[in-house]
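Structure data follow from data_38.cif (mmCIF, C-alpha atoms):
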data_start
loop_
_atom_site.label_atom_id
_atom_site.label_comp_id
_atom_site.auth_asym_id
_atom_site.auth_seq_id
_atom_site.Cartn_x
_atom_site.Cartn_y
_atom_site.Cartn_z
CA MET A 9 -52.88 -47.44 5.46
CA LYS A 10 -55.81 -45.17 6.35
CA GLU A 11 -59.45 -45.28 5.32
CA TYR A 12 -61.93 -42.42 5.31
CA LYS A 13 -65.66 -41.99 5.76
CA ILE A 14 -67.78 -38.93 5.03
CA ILE A 15 -70.93 -38.57 7.08
CA LYS A 16 -73.60 -36.01 6.27
CA PRO A 17 -77.27 -35.58 7.03
CA LYS A 18 -79.94 -36.88 4.68
CA SER A 19 -81.76 -33.59 5.16
CA ILE A 20 -80.14 -30.34 6.22
CA TRP A 21 -83.05 -29.73 8.61
CA SER A 22 -83.03 -33.14 10.32
CA TYR A 23 -79.60 -33.09 12.01
CA LYS A 24 -78.57 -30.94 14.92
CA ASP A 25 -75.10 -30.71 16.46
CA ALA A 26 -76.22 -33.04 19.28
CA THR A 27 -77.10 -35.69 16.69
CA PHE A 28 -73.58 -35.42 15.26
CA GLU A 29 -72.18 -35.82 18.77
CA ASP A 30 -74.01 -39.15 19.05
CA LEU A 31 -72.70 -40.19 15.62
CA PHE A 32 -69.14 -39.15 16.49
CA ASN A 33 -69.27 -41.19 19.71
CA LYS A 34 -70.64 -44.20 17.82
CA TYR A 35 -67.91 -44.05 15.19
CA ALA A 36 -65.19 -43.35 17.80
CA SER A 37 -66.02 -46.68 19.44
CA GLN A 38 -65.23 -48.26 16.04
CA GLY A 39 -61.83 -46.54 15.85
CA TRP A 40 -62.82 -43.54 13.70
CA GLN A 41 -61.38 -40.07 14.40
CA VAL A 42 -62.90 -36.79 13.20
CA LYS A 43 -60.49 -35.12 10.77
CA SER A 44 -62.60 -32.29 9.35
CA VAL A 45 -66.01 -30.73 9.92
CA GLY A 46 -67.98 -28.56 7.48
CA TYR A 47 -70.65 -26.10 8.56
CA GLY A 48 -73.75 -24.95 6.69
CA GLN A 49 -75.14 -21.44 6.44
CA THR A 50 -77.12 -21.88 9.66
CA GLY A 51 -73.97 -22.75 11.62
CA ASN A 52 -74.88 -26.40 12.11
CA ILE A 53 -72.53 -29.18 11.06
CA SER A 54 -73.27 -30.18 7.45
CA LYS A 55 -70.72 -32.98 7.05
CA ALA A 56 -67.67 -34.55 8.65
CA VAL A 57 -64.68 -36.53 7.43
CA LEU A 58 -63.60 -39.45 9.62
CA GLU A 59 -60.33 -41.43 9.48
CA ARG A 60 -59.07 -44.69 10.93
CA ASP A 61 -56.36 -47.28 10.32
CA LYS A 62 -57.56 -49.70 7.65
CA ASN A 63 -55.66 -52.65 9.10
CA ARG A 64 -57.22 -52.63 12.56
#

Would you mind writing the file out in structure tokens?
Amino acid sequence: MKEYKIIKPKSIWSYKDATFEDLFNKYASQGWQVKSVGYGQTGNISKAVLERDKNR
């Protein structure tokens, strides 16, 4: 079985792509994989869907 997590910024102006890179690396160390990324009007990442096996 899989589980999912949606991560998004608290403020559209506070997150840059480099911040998401740090978050992705943090979650990857916990077994999460990026499945989908959404972009805002400015071209920056606005949210991401992560997936991992629930029975790790």

Starting from the displayed file, determine the output of the PyMOL selection byres ((chain A and resi 44-57) around 6) and express the residue list as a PDB file with C-alpha atoms, in the frame of the given file.
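After the write, result_25.pdb holds the following:
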ATOM      1  CA  LYS A  13     -65.660 -41.990   5.760  1.00  0.00           C
ATOM      2  CA  ILE A  14     -67.780 -38.930   5.030  1.00  0.00           C
ATOM      3  CA  ILE A  15     -70.930 -38.570   7.080  1.00  0.00           C
ATOM      4  CA  LYS A  16     -73.600 -36.010   6.270  1.00  0.00           C
ATOM      5  CA  VAL A  42     -62.900 -36.790  13.200  1.00  0.00           C
ATOM      6  CA  LYS A  43     -60.490 -35.120  10.770  1.00  0.00           C
ATOM      7  CA  LEU A  58     -63.600 -39.450   9.620  1.00  0.00           C
TER       8      LEU A  58
END

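Going from CA of Glu11 (chain A) to CA of Phe28 (chain A) covers 19.9 Å.
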
*asked:* Would you compute the distance between CA of Trp40 (chain A) and CA of Asp61 (chain A)? Give it in Å to one decimal.
replied: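 Between CA of Trp40 (chain A) and CA of Asp61 (chain A) the gap works out to 8.2 Å.
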
*asked:* Give me the residues near Lys10 (chain A) as a VMD selection string, where near means some atom within 9 Å (using all atoms listed in the file) and where sequence neighbours in that chain fewer than 3 positions away do not count.
replied: chain A and resid 59 to 63

Residues from last step as file, C-alpha atoms, as a compact mmCIF listing (two decimals), in the frame of the given file:
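Below is the file part.txt, written as the result:
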# COMPACT_ATOMS: atom_id res chain seq x y z
CA GLU A 59 -60.33 -41.43 9.48
CA ARG A 60 -59.07 -44.69 10.93
CA ASP A 61 -56.36 -47.28 10.32
CA LYS A 62 -57.56 -49.70 7.65
CA ASN A 63 -55.66 -52.65 9.10

Could the centre and edge lengths of an axis-aligned box, enclosing all atoms of region 42-47 of chain A in the file with 8 Å extra on each side, be given in Å to one decimal as AutoDock Vina command-line options?
--center_x -65.6 --center_y -31.4 --center_z 10.3 --size_x 26.2 --size_y 26.7 --size_z 21.7
